[in-house]
Amino acid sequence: MSEQKKSRIDPRVMVGGAVALALLLGLALWQTFGASSAIASEDRVLIHSGTGTHSFAVEIADTNDTRAQGLMYREELAPDAGMLFDFQEERPVSFWMENTYIPLDMLFIRANGEIARIHENARPLDRTGIPSGEPVRFVLEIPGGRSSELGIAAGDLMEHPRAEQ
């Protein structure tokens, strides 16, 4: 009579398999929920538009110095990045592109988060004023052309902890 050998699974294979399963599950969840499951936070703005929810990693400019500096002297800006200017209250504002090397879209946003107006593709180094057109509390600057690419329009809603929603 021959003796049967007991089969044993190497623990390293089990751990490797569990890691692979966890990675696949994480990828499936990301593909299913993507940016729409993102949560607005101090450094993240969500724009809810007719084409979906769009997430931007933002720097905050909420002092005279940080607002004056803005995105000047930057040579690039990631497609999902931007700067959120907070004026603390609604008021007419105006921007220009002096010392700004990259084209920008400027989203002028009311205190409740509603986009009042969008100025697309502001020209680098242009000193022409770009007015809000009405009192706004926020301006979100994102890479030039992104609002059109993503289907973001006036009337869409910005979600951020600072917005009064």
# chains A, B, ... in the order shown; residues from 1 in each chain; ligands from 1

call {"tool": "residues_around", "arguments": {"residues": "segment 96-107 of chain A", "least_positions_apart": "4", "cutoff": "9 Å", "atoms": "only C-alpha atoms", "output": "mmCIF file with C-alpha atoms, in the first residue's frame"}}
result
data_model
loop_
_atom_site.group_PDB
_atom_site.id
_atom_site.type_symbol
_atom_site.label_atom_id
_atom_site.label_comp_id
_atom_site.auth_asym_id
_atom_site.auth_seq_id
_atom_site.Cartn_x
_atom_site.Cartn_y
_atom_site.Cartn_z
ATOM 1 C CA GLY A 70 -2.241 83.236 -7.030
ATOM 2 C CA LEU A 71 -0.818 80.961 -9.706
ATOM 3 C CA MET A 72 1.794 83.453 -10.918
ATOM 4 C CA TYR A 73 5.117 82.057 -12.139
ATOM 5 C CA ARG A 74 3.801 78.487 -12.387
ATOM 6 C CA GLU A 75 4.825 76.662 -15.528
ATOM 7 C CA GLU A 76 2.330 73.820 -15.267
ATOM 8 C CA LEU A 77 -0.873 72.789 -13.553
ATOM 9 C CA ILE A 115 -21.095 78.966 -10.560
ATOM 10 C CA ALA A 116 -22.139 82.443 -11.690
ATOM 11 C CA ARG A 117 -19.824 82.797 -14.682
ATOM 12 C CA ILE A 118 -16.863 81.141 -16.362
ATOM 13 C CA HIS A 119 -14.066 82.933 -18.183
ATOM 14 C CA GLU A 120 -12.355 80.306 -20.344
ATOM 15 C CA ASN A 121 -8.736 80.233 -21.456
ATOM 16 C CA ALA A 122 -7.473 83.456 -19.930
ATOM 17 C CA ARG A 123 -4.370 84.412 -21.910
ATOM 18 C CA PRO A 124 -0.998 84.100 -20.177
ATOM 19 C CA LEU A 125 0.716 87.391 -19.295
ATOM 20 C CA ASP A 126 -2.342 89.469 -20.306
ATOM 21 C CA ARG A 127 -2.948 92.530 -18.092
ATOM 22 C CA THR A 128 -6.579 92.952 -19.219
ATOM 23 C CA GLY A 129 -8.981 92.784 -16.288
ATOM 24 C CA ILE A 130 -11.332 89.796 -16.037
ATOM 25 C CA PRO A 131 -14.298 90.865 -13.891
ATOM 26 C CA SER A 132 -16.648 88.578 -12.000
ATOM 27 C CA PHE A 138 -14.989 82.350 -4.666
ATOM 28 C CA VAL A 139 -12.949 82.056 -7.822
ATOM 29 C CA LEU A 140 -11.699 78.632 -8.858
ATOM 30 C CA GLU A 141 -8.806 78.670 -11.304
ATOM 31 C CA ILE A 142 -8.230 75.462 -13.245
ATOM 32 C CA PRO A 143 -6.187 74.651 -16.371
ATOM 33 C CA GLY A 144 -7.386 76.503 -19.464
ATOM 34 C CA GLY A 145 -10.009 74.625 -21.434
ATOM 35 C CA ARG A 146 -10.895 72.131 -18.667
ATOM 36 C CA SER A 147 -14.350 73.550 -17.939
ATOM 37 C CA ALA A 153 -21.131 75.541 -17.011
ATOM 38 C CA ALA A 154 -22.683 78.497 -15.215
#

call {"tool": "select_by_dssp", "arguments": {"residues": "segment 46-138 of chain A", "states": "alpha helix (DSSP H)", "output": "list in words"}}
result
Asn64, Asp65, Thr66, Arg67, Ala68 and Gln69 of chain A

call {"tool": "select_by_dssp", "arguments": {"residues": "segment 122-164 of chain A", "states": "strand (DSSP E or B)", "output": "ChimeraX atom specification"}}
result
/A:122,130-131,136-143,157-159

call {"tool": "atom_distance", "arguments": {"atom1": "atom CA of Val136 of chain A", "atom2": "atom CA of Val93 of chain A"}}
result
7.3 Å

call {"tool": "atom_distance", "arguments": {"atom1": "atom CA of Pro92 of chain A", "atom2": "atom CA of Arg162 of chain A"}}
result
18.3 Å

call {"tool": "atom_distance", "arguments": {"atom1": "atom CA of Gly50 of chain A", "atom2": "atom CA of Glu89 of chain A"}}
result
27.3 Å

call {"tool": "closest_residue", "arguments": {"among": "A:Pro79, A:Phe108, A:Ala68, A:Glu114", "to": "His54 of chain A", "atoms": "only C-alpha atoms"}}
result
A:Pro79

call {"tool": "closest_residue", "arguments": {"among": "A:Glu59, A:Gln165, A:Arg110, A:Ile39", "to": "Ala81 of chain A", "atoms": "only C-alpha atoms"}}
result
A:Glu59

call {"tool": "closest_residue", "arguments": {"among": "A:Ser94, A:Asp62, A:Arg137, A:Ala38", "to": "Ala163 of chain A", "atoms": "only C-alpha atoms"}}
result
A:Arg137
